[in-house]
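Engineer: Provided herewith: input-v4.txt, compact mmCIF, C-alpha atoms.
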# COMPACT_ATOMS: atom_id res chain seq x y z
CA MET A 1 -50.30 7.08 -21.13
CA LYS A 2 -52.82 4.23 -20.88
CA THR A 3 -52.09 0.55 -20.20
CA TYR A 4 -54.42 -2.20 -21.38
CA THR A 5 -54.89 -5.95 -21.28
CA VAL A 6 -56.39 -7.29 -24.51
CA ALA A 7 -58.00 -10.73 -24.92
CA HIS A 8 -58.98 -11.80 -28.45
CA ARG A 9 -60.53 -15.24 -28.92
CA THR A 10 -61.58 -16.73 -32.26
CA THR A 11 -63.32 -20.12 -32.44
CA TYR A 12 -64.06 -21.98 -35.67
CA ARG A 13 -66.61 -24.82 -35.57
CA TYR A 14 -66.68 -27.02 -38.68
CA GLN A 15 -69.45 -29.30 -39.90
CA SER A 16 -66.90 -32.02 -40.64
CA ASP A 17 -63.29 -32.65 -39.76
CA VAL A 18 -60.56 -30.43 -41.16
CA ALA A 19 -57.59 -32.55 -42.13
CA TYR A 20 -55.04 -29.75 -42.48
CA SER A 21 -54.85 -26.03 -41.60
CA ARG A 22 -52.24 -23.45 -42.57
CA LEU A 23 -53.06 -20.12 -40.89
CA ILE A 24 -51.60 -16.61 -40.67
CA ALA A 25 -52.62 -14.32 -37.80
CA HIS A 26 -52.32 -10.58 -37.26
CA LEU A 27 -53.12 -10.41 -33.55
CA GLY A 28 -50.17 -8.82 -31.76
CA PRO A 29 -50.15 -5.02 -31.16
CA ARG A 30 -47.67 -3.27 -33.45
CA PRO A 31 -44.93 -1.14 -31.86
CA THR A 32 -45.24 2.52 -32.87
CA THR A 33 -43.94 5.86 -31.66
CA ARG A 34 -46.93 6.02 -29.30
CA GLN A 35 -47.43 2.34 -28.49
CA LYS A 36 -45.35 -0.31 -26.73
CA THR A 37 -46.15 -4.01 -26.29
CA LEU A 38 -45.36 -5.27 -22.79
CA ALA A 39 -46.43 -8.88 -23.35
CA PHE A 40 -48.03 -10.99 -26.09
CA GLU A 41 -48.97 -14.66 -26.30
CA VAL A 42 -51.04 -16.77 -28.71
CA ASN A 43 -52.50 -20.16 -27.75
CA VAL A 44 -53.92 -22.49 -30.40
CA THR A 45 -56.01 -25.64 -29.91
CA PRO A 46 -55.36 -28.22 -31.34
CA GLU A 47 -51.63 -27.80 -30.75
CA PRO A 48 -49.93 -26.80 -34.03
CA PHE A 49 -47.48 -29.20 -35.65
CA GLU A 50 -45.41 -26.17 -36.66
CA ARG A 51 -45.50 -22.49 -35.69
CA PHE A 52 -43.26 -19.48 -36.23
CA GLU A 53 -43.29 -15.68 -36.24
CA ARG A 54 -42.20 -13.33 -39.02
CA SER A 55 -42.73 -9.80 -40.33
CA ASP A 56 -44.90 -9.31 -43.41
CA PHE A 57 -44.25 -6.90 -46.29
CA PHE A 58 -45.72 -3.96 -44.35
CA GLY A 59 -43.66 -4.62 -41.22
CA ASN A 60 -46.50 -6.19 -39.23
CA THR A 61 -45.70 -9.12 -36.95
CA THR A 62 -47.51 -12.27 -38.08
CA ASP A 63 -47.88 -15.68 -36.43
CA TRP A 64 -48.00 -18.77 -38.68
CA PHE A 65 -49.56 -22.08 -37.60
CA THR A 66 -49.75 -25.49 -39.23
CA ILE A 67 -52.17 -28.11 -37.84
CA ASP A 68 -52.01 -31.52 -39.48
CA GLU A 69 -54.37 -33.56 -37.27
CA PRO A 70 -58.13 -33.91 -37.87
CA HIS A 71 -60.21 -31.35 -35.97
CA ASP A 72 -63.74 -29.96 -36.07
CA VAL A 73 -63.04 -27.06 -33.66
CA LEU A 74 -60.17 -24.59 -33.86
CA ASP A 75 -59.60 -22.12 -31.05
CA VAL A 76 -57.11 -19.22 -31.24
CA THR A 77 -56.66 -17.02 -28.18
CA ALA A 78 -54.35 -14.00 -28.14
CA GLU A 79 -53.55 -12.07 -24.97
CA SER A 80 -51.64 -8.77 -24.94
CA GLN A 81 -50.52 -6.08 -22.57
CA VAL A 82 -49.84 -2.73 -24.19
CA THR A 83 -49.26 0.93 -23.36
CA VAL A 84 -50.61 3.71 -25.58
CA GLU A 85 -49.83 7.41 -25.45
CA ALA A 86 -52.30 10.11 -26.44
CA THR A 87 -52.26 11.54 -29.96
CA PRO A 88 -50.51 14.91 -30.24
CA THR A 89 -52.53 17.98 -31.21
CA TYR A 90 -52.27 18.85 -34.90
CA ASP A 91 -52.85 22.33 -36.31
CA PRO A 92 -54.50 21.91 -39.74
CA ASN A 93 -53.04 25.21 -40.91
CA LEU A 94 -49.53 23.81 -40.52
CA SER A 95 -50.12 20.94 -42.93
CA SER A 96 -49.21 21.25 -46.59
CA SER A 97 -51.94 21.78 -49.17
CA TRP A 98 -53.31 18.57 -50.60
CA GLU A 99 -52.08 19.51 -54.11
CA THR A 100 -48.55 20.00 -52.78
CA VAL A 101 -48.59 16.59 -51.10
CA ARG A 102 -49.95 14.92 -54.22
CA LYS A 103 -47.21 16.48 -56.38
CA SER A 104 -44.53 15.33 -53.91
CA PHE A 105 -45.19 11.72 -54.91
CA GLU A 106 -44.06 12.47 -58.46
CA PHE A 107 -40.54 13.75 -57.81
CA SER A 108 -39.53 13.15 -54.19
CA THR A 109 -36.42 11.18 -53.24
CA ASP A 110 -37.34 11.27 -49.54
CA PRO A 111 -37.52 7.63 -48.29
CA GLN A 112 -40.65 8.23 -46.17
CA THR A 113 -42.52 9.84 -49.04
CA LEU A 114 -41.47 7.07 -51.42
CA GLU A 115 -42.64 4.46 -48.90
CA ALA A 116 -46.03 6.17 -48.78
CA VAL A 117 -46.49 5.96 -52.57
CA GLN A 118 -47.59 2.30 -52.37
CA TYR A 119 -50.70 3.46 -50.47
CA THR A 120 -51.90 5.70 -53.31
CA PHE A 121 -53.18 2.80 -55.45
CA ASP A 122 -56.56 1.07 -55.55
CA THR A 123 -57.09 -2.51 -54.41
CA PRO A 124 -59.96 -4.82 -55.42
CA LEU A 125 -61.89 -3.88 -52.26
CA THR A 126 -61.18 -0.13 -52.49
CA ALA A 127 -61.44 0.53 -56.23
CA THR A 128 -63.11 3.87 -56.94
CA ASN A 129 -65.71 5.01 -59.47
CA SER A 130 -67.14 8.36 -60.54
CA GLU A 131 -69.45 8.50 -57.52
CA VAL A 132 -66.55 8.03 -55.09
CA VAL A 133 -64.48 10.69 -56.85
CA ALA A 134 -67.36 13.20 -56.81
CA TYR A 135 -67.96 12.54 -53.12
CA ALA A 136 -64.27 13.00 -52.28
CA ARG A 137 -63.87 16.26 -54.21
CA LYS A 138 -66.35 18.06 -51.96
CA SER A 139 -63.78 18.03 -49.13
CA PHE A 140 -60.75 18.96 -51.23
CA ALA A 141 -61.06 22.64 -52.13
CA ARG A 142 -58.22 24.23 -54.07
CA GLY A 143 -55.25 25.10 -51.84
CA ARG A 144 -56.81 23.70 -48.68
CA PRO A 145 -54.49 22.16 -46.05
CA LEU A 146 -54.59 18.38 -46.36
CA LEU A 147 -55.32 17.79 -42.67
CA ALA A 148 -58.38 20.04 -42.87
CA CYS A 149 -59.59 18.15 -45.96
CA VAL A 150 -59.36 14.75 -44.30
CA GLU A 151 -60.90 15.94 -41.03
CA GLU A 152 -63.95 17.12 -42.98
CA LEU A 153 -64.07 13.89 -45.01
CA ASN A 154 -63.90 11.83 -41.81
CA THR A 155 -66.90 13.72 -40.37
CA ARG A 156 -68.89 13.42 -43.60
CA VAL A 157 -68.41 9.66 -43.85
CA HIS A 158 -69.47 9.30 -40.23
CA ALA A 159 -72.65 11.29 -40.94
CA ASP A 160 -73.51 9.80 -44.35
CA PHE A 161 -72.86 6.08 -43.73
CA LYS A 162 -74.95 4.16 -41.21
CA TYR A 163 -73.15 1.73 -38.91
CA ASP A 164 -74.94 -1.57 -39.64
CA LYS A 165 -73.44 -4.96 -38.75
CA LYS A 166 -75.83 -6.82 -41.08
CA ALA A 167 -75.38 -4.72 -44.21
CA THR A 168 -71.96 -5.98 -45.37
CA ASP A 169 -69.31 -8.65 -44.99
CA THR A 170 -65.52 -8.82 -45.32
CA ARG A 171 -65.77 -9.00 -49.13
CA THR A 172 -67.84 -5.82 -49.57
CA THR A 173 -66.30 -3.33 -52.00
CA VAL A 174 -66.30 0.46 -51.75
CA PRO A 175 -68.78 0.92 -54.64
CA ARG A 176 -71.17 -1.49 -52.90
CA ALA A 177 -70.80 0.38 -49.59
CA PHE A 178 -71.67 3.59 -51.45
CA GLU A 179 -74.82 1.95 -52.81
CA LEU A 180 -75.86 0.86 -49.34
CA ARG A 181 -74.61 3.98 -47.53
CA ALA A 182 -74.02 1.56 -44.65
CA GLY A 183 -71.47 -0.85 -43.24
CA VAL A 184 -69.19 -1.58 -40.31
CA CYS A 185 -65.87 -0.02 -39.32
CA GLN A 186 -64.06 -1.92 -42.09
CA ASP A 187 -66.35 -0.42 -44.74
CA LEU A 188 -66.18 3.13 -43.39
CA ALA A 189 -62.38 2.88 -43.33
CA HIS A 190 -62.34 1.53 -46.89
CA VAL A 191 -64.68 4.29 -48.11
CA SER A 192 -62.55 6.99 -46.49
CA LEU A 193 -59.18 5.79 -47.74
CA ALA A 194 -60.63 5.21 -51.23
CA CYS A 195 -61.75 8.86 -51.28
CA VAL A 196 -58.27 10.02 -50.25
CA ARG A 197 -56.61 7.83 -52.88
CA ALA A 198 -59.06 9.13 -55.50
CA MET A 199 -57.41 12.53 -55.01
CA GLY A 200 -53.95 11.05 -55.70
CA LEU A 201 -52.95 10.88 -52.02
CA ALA A 202 -51.66 8.11 -49.73
CA ALA A 203 -53.97 6.37 -47.25
CA ARG A 204 -53.61 3.05 -45.47
CA TYR A 205 -55.96 0.71 -43.64
CA VAL A 206 -55.34 0.20 -39.91
CA SER A 207 -56.66 -2.69 -37.83
CA GLY A 208 -56.77 -2.69 -34.06
CA TYR A 209 -58.85 -2.61 -30.92
CA LEU A 210 -60.91 -0.13 -28.91
CA LEU A 211 -61.38 0.23 -25.19
CA THR A 212 -64.43 -1.95 -24.50
CA ARG A 213 -65.03 -0.75 -20.96
CA PRO A 214 -65.12 3.07 -20.89
CA PRO A 215 -64.25 4.92 -17.69
CA ALA A 216 -67.07 6.02 -15.41
CA GLY A 217 -69.13 8.63 -17.19
CA GLY A 218 -67.32 7.99 -20.48
CA GLU A 219 -69.03 7.25 -23.77
CA ARG A 220 -68.78 3.75 -25.23
CA LEU A 221 -67.32 3.93 -28.71
CA VAL A 222 -68.90 2.11 -31.66
CA GLY A 223 -67.23 -1.09 -32.85
CA ALA A 224 -65.81 -2.06 -29.48
CA ASP A 225 -66.91 -5.70 -29.27
CA ALA A 226 -64.53 -7.06 -31.90
CA SER A 227 -61.56 -5.95 -33.92
CA HIS A 228 -61.83 -2.31 -34.97
CA ALA A 229 -60.58 -0.53 -38.11
CA TRP A 230 -59.75 2.99 -39.16
CA PHE A 231 -57.48 4.69 -41.71
CA ALA A 232 -54.37 6.86 -41.78
CA VAL A 233 -53.23 9.51 -44.27
CA TRP A 234 -49.70 10.70 -45.10
CA ILE A 235 -49.81 14.39 -44.11
CA PRO A 236 -46.53 16.33 -44.09
CA PRO A 237 -45.05 17.63 -41.85
CA PHE A 238 -46.86 15.39 -39.33
CA GLY A 239 -46.33 12.05 -41.08
CA TRP A 240 -49.08 9.44 -40.83
CA VAL A 241 -52.21 10.75 -39.07
CA ASP A 242 -54.99 8.34 -38.01
CA PHE A 243 -58.73 8.98 -38.46
CA ASP A 244 -61.70 6.96 -37.16
CA PRO A 245 -64.81 7.64 -39.29
CA THR A 246 -66.91 5.17 -37.30
CA ASN A 247 -66.63 7.45 -34.26
CA ASP A 248 -65.78 10.76 -36.03
CA MET A 249 -62.51 11.27 -34.18
CA LEU A 250 -58.76 11.05 -34.38
CA PRO A 251 -57.70 7.81 -32.68
CA SER A 252 -55.92 8.44 -29.41
CA SER A 253 -55.07 6.45 -26.30
CA HIS A 254 -58.33 4.43 -26.55
CA HIS A 255 -57.21 2.91 -29.89
CA ILE A 256 -54.68 0.06 -29.99
CA THR A 257 -52.95 -0.50 -33.33
CA VAL A 258 -52.40 -4.09 -34.47
CA ALA A 259 -51.42 -3.85 -38.14
CA TRP A 260 -51.69 -1.76 -41.28
CA GLY A 261 -51.75 -2.39 -45.01
CA ARG A 262 -53.56 -1.42 -48.20
CA ASP A 263 -56.94 -2.83 -47.10
CA TYR A 264 -58.56 -5.45 -44.85
CA VAL A 265 -57.17 -8.39 -46.85
CA ASP A 266 -53.58 -7.40 -45.97
CA VAL A 267 -54.25 -7.45 -42.22
CA ALA A 268 -57.12 -9.90 -41.62
CA PRO A 269 -56.89 -11.17 -38.01
CA ILE A 270 -56.78 -14.83 -39.13
CA HIS A 271 -56.73 -16.25 -42.63
CA GLY A 272 -55.20 -19.14 -44.52
CA ILE A 273 -56.08 -22.45 -46.15
CA ILE A 274 -57.78 -25.60 -44.89
CA THR A 275 -58.47 -29.06 -46.29
CA GLY A 276 -61.98 -30.34 -45.54
CA GLY A 277 -64.29 -28.84 -42.97
CA SER A 278 -67.23 -28.02 -45.28
CA GLU A 279 -69.25 -25.12 -43.84
CA HIS A 280 -68.24 -23.53 -40.57
CA LYS A 281 -69.27 -21.00 -37.93
CA VAL A 282 -66.94 -18.39 -36.45
CA ASP A 283 -67.28 -16.81 -33.01
CA VAL A 284 -65.11 -13.81 -32.13
CA ALA A 285 -64.83 -12.15 -28.73
CA VAL A 286 -62.57 -9.21 -27.87
CA ASP A 287 -62.15 -7.57 -24.48
CA VAL A 288 -59.95 -4.53 -23.84
CA VAL A 289 -59.55 -3.70 -20.16
CA PRO A 290 -57.58 -0.80 -18.66
CA ARG A 291 -55.03 -1.75 -16.04
Any chance you could give the structure as structure tokens?

Structural biologist:
Amino acid sequence: MKTYTVAHRTTYRYQSDVAYSRLIAHLGPRPTTRQKTLAFEVNVTPEPFERFERSDFFGNTTDWFTIDEPHDVLDVTAESQVTVEATPTYDPNLSSSWETVRKSFEFSTDPQTLEAVQYTFDTPLTATNSEVVAYARKSFARGRPLLACVEELNTRVHADFKYDKKATDTRTTVPRAFELRAGVCQDLAHVSLACVRAMGLAARYVSGYLLTRPPAGGERLVGADASHAWFAVWIPPFGWVDFDPTNDMLPSSHHITVAWGRDYVDVAPIHGIITGGSEHKVDVAVDVVPR
């Protein structure tokens, strides 16, 4: 088990005053079977007129803030302490074939399977086309265990898509990422889950953090200076299994889960509406330190 302190600071600087802000934040680590939050606090400047916490549709904890005084700088700082256990070892040969899993979505009355069905559908950012389908099919041979299929897909996306911070933005779609064959962790996660969904299977987008200071002699993982993203696939009998195509690995105790949904839009770290402000600049800094 690993214990971490996470500091996530986001600063917005506006060209002119913002008169009103209504913001939603996904910043607190999500409790899971392998992860426990020891402490979590969010500080906002200017001081919000109103703030509250609630769970969203996907069960993620969200913080809501309303600021009704003029401001040209908004600073949101989240600090967490969290423990994370290592991922168990999965034997691909014990997973069901991908065709069997796909068929289970048609007739199952199992609550967990039914809950997974919502992650089989496209979203505007992850809509597929013929190129995506053809790319996905190469990893899904007839009768192959689903875990083996996704492990291969994860490795292929890592090899075929260049990690490039300047190639895309938060609005980049999967077809555009395929054209570029490049992107950041968000894009590689979107590409991967779109391929899985193209085969009629369930995949969800996961946002979180990575260890930013590796242990002595350890390798620094890609995407560790800001929020990270990966994807998870519903794979009976194991349940949801996480995959990180940016680093070609299964997330383990170095990955801290914050939230999950259908794509980035569902779990953006901070989003909302403002009145005024004109153009703005955003600075984001994340530090994950082992305790």

Engineer: Skipping near chain neighbours, those fewer than 2 positions away, what residues fall within 12 Å of Lys162 (chain A) using all atoms listed in the file, listed as a PyMOL selection string?

Structural biologist: chain A and resi 156-160+164-168+177-185+187-188+222+245-247

Engineer: Just the residues within 10 Å of Ile274 (chain A), please, counting all atoms listed in the file, with nothing from its chain fewer than 4 positions along; format it as a PyMOL selection string.

Structural biologist: chain A and resi 18-23+66-68+278

Engineer: Considering only C-alpha atoms, tabulate each residue of region 47-98 of chain A that lies at most 8 Å from region 122-145 of chain A along with its nearest interatomic pair and the corresponding distance in Å to one decimal; arrange the rows by chain and ascending residue number and present them as a tab-separated table.

Structural biologist:
residue	atom	partner	partner_atom	distance
A:Pro92	CA	A:Pro145	CA	6.3
A:Asn93	CA	A:Pro145	CA	6.2
A:Leu94	CA	A:Pro145	CA	7.6
A:Ser95	CA	A:Pro145	CA	5.5
A:Ser96	CA	A:Pro145	CA	5.4
A:Ser97	CA	A:Pro145	CA	4.0
A:Trp98	CA	A:Pro145	CA	5.9

Engineer: Which residue, A:Val6, A:Val150, A:Ala259, A:Ile24, has the smallest gap to Ala39 (chain A) when you use all atoms listed in the file?

Structural biologist: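 Looking at the shortest contact to Ala39 (chain A), the residue is A:Val6.
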
Engineer: Which residues, written as number ranges by chain, have at least one atom at most 12 Å from Tyr14 (chain A), with all atoms listed in the file counted and residues fewer than 6 positions away on the same chain left out?

Structural biologist: A: 70-75, 274-283

Engineer: Rank A:Val233, A:Leu146, A:Val44, A:Val286 by their smallest atom-to-atom distance to Arg197 (chain A), using all atoms listed in the file, and report the top residue only.

Structural biologist: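 Result for the nearest residue to Arg197 (chain A): A:Val233.
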
Engineer: If I take CA of Met1 (chain A) and CA of Asp242 (chain A), how far is one from the other in Å, to one decimal?

Structural biologist: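 Separation between CA of Met1 (chain A) and CA of Asp242 (chain A): 17.6 Å.
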
Engineer: Counting only C-alpha atoms, figure out which residue out of A:Ile256, A:Leu153, A:Val117, A:Leu38 gets nearest to Glu85 (chain A).

Structural biologist: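 Nearest to Glu85 (chain A): A:Ile256.
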
Engineer: Find the spatial neighbours of Phe105 (chain A), counting all atoms listed in the file, within a cut-off of 10 Å - ignore same-chain residues fewer than 4 positions away - and output them as an MDAnalysis selection string.

Structural biologist: chainID A and resid 100:101 109:110 113:117 120 200:202

Engineer: Record the distance separating CA of Thr3 (chain A) and CA of Trp260 (chain A), expressed in Å with one decimal.

Structural biologist: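 That distance, rounded to one decimal, is 21.2 Å.
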
Engineer: Using all atoms listed in the file, give me every residue within 10 Å of (-51.6, -7.5, -39.9) in file coordinates, as a PyMOL selection string.

Structural biologist: chain A and resi 24-30+55-63+206-208+257-261+264-270

Engineer: I'd like the interatomic distance between CA of Ala86 (chain A) and CA of Arg34 (chain A), to a tenth of an Å.

Structural biologist: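 Those two atoms sit 7.3 Å apart.
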
Engineer: Please identify all polymer residues lying at most 10 Å from the point (-61.1, -4.7, -31.5) (file coordinates), using all atoms listed in the file, and present the result as a list of chain:residue names.

Structural biologist: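 Result, sorted by chain then residue number: A:Val6, A:Ala7, A:His8, A:Ser207, A:Gly208, A:Tyr209, A:Leu210, A:Leu211, A:Thr212, A:Gly223, A:Ala224, A:Asp225, A:Ala226, A:Ser227, A:His228, A:Ala229, A:His255, A:Ile256, A:Thr257, A:Val258, A:Val284, A:Ala285, A:Val286, A:Asp287, A:Val288.
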
Engineer: Between A:Val82, A:Asp17, A:Tyr205, A:Ser104, which one has atoms that come closest to Gln35 (chain A), using all atoms listed in the file?

Structural biologist: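 Comparing A:Val82, A:Asp17, A:Tyr205, A:Ser104 against Gln35 (chain A), the winner is A:Val82.
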
Engineer: Would you mind telling me which residue in A:Gln112, A:Gln118, A:Thr11, A:Ser253 lies nearest to Trp240 (chain A) when using all atoms listed in the file?

Structural biologist: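 Smallest distance to Trp240 (chain A) is found for A:Gln112.
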
Engineer: Nearest residue to Thr10 (chain A) out of A:Thr33, A:Pro88, A:Pro236, A:Asn43, using only C-alpha atoms?

Structural biologist: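 Closest to Thr10 (chain A) of all the choices is A:Asn43.
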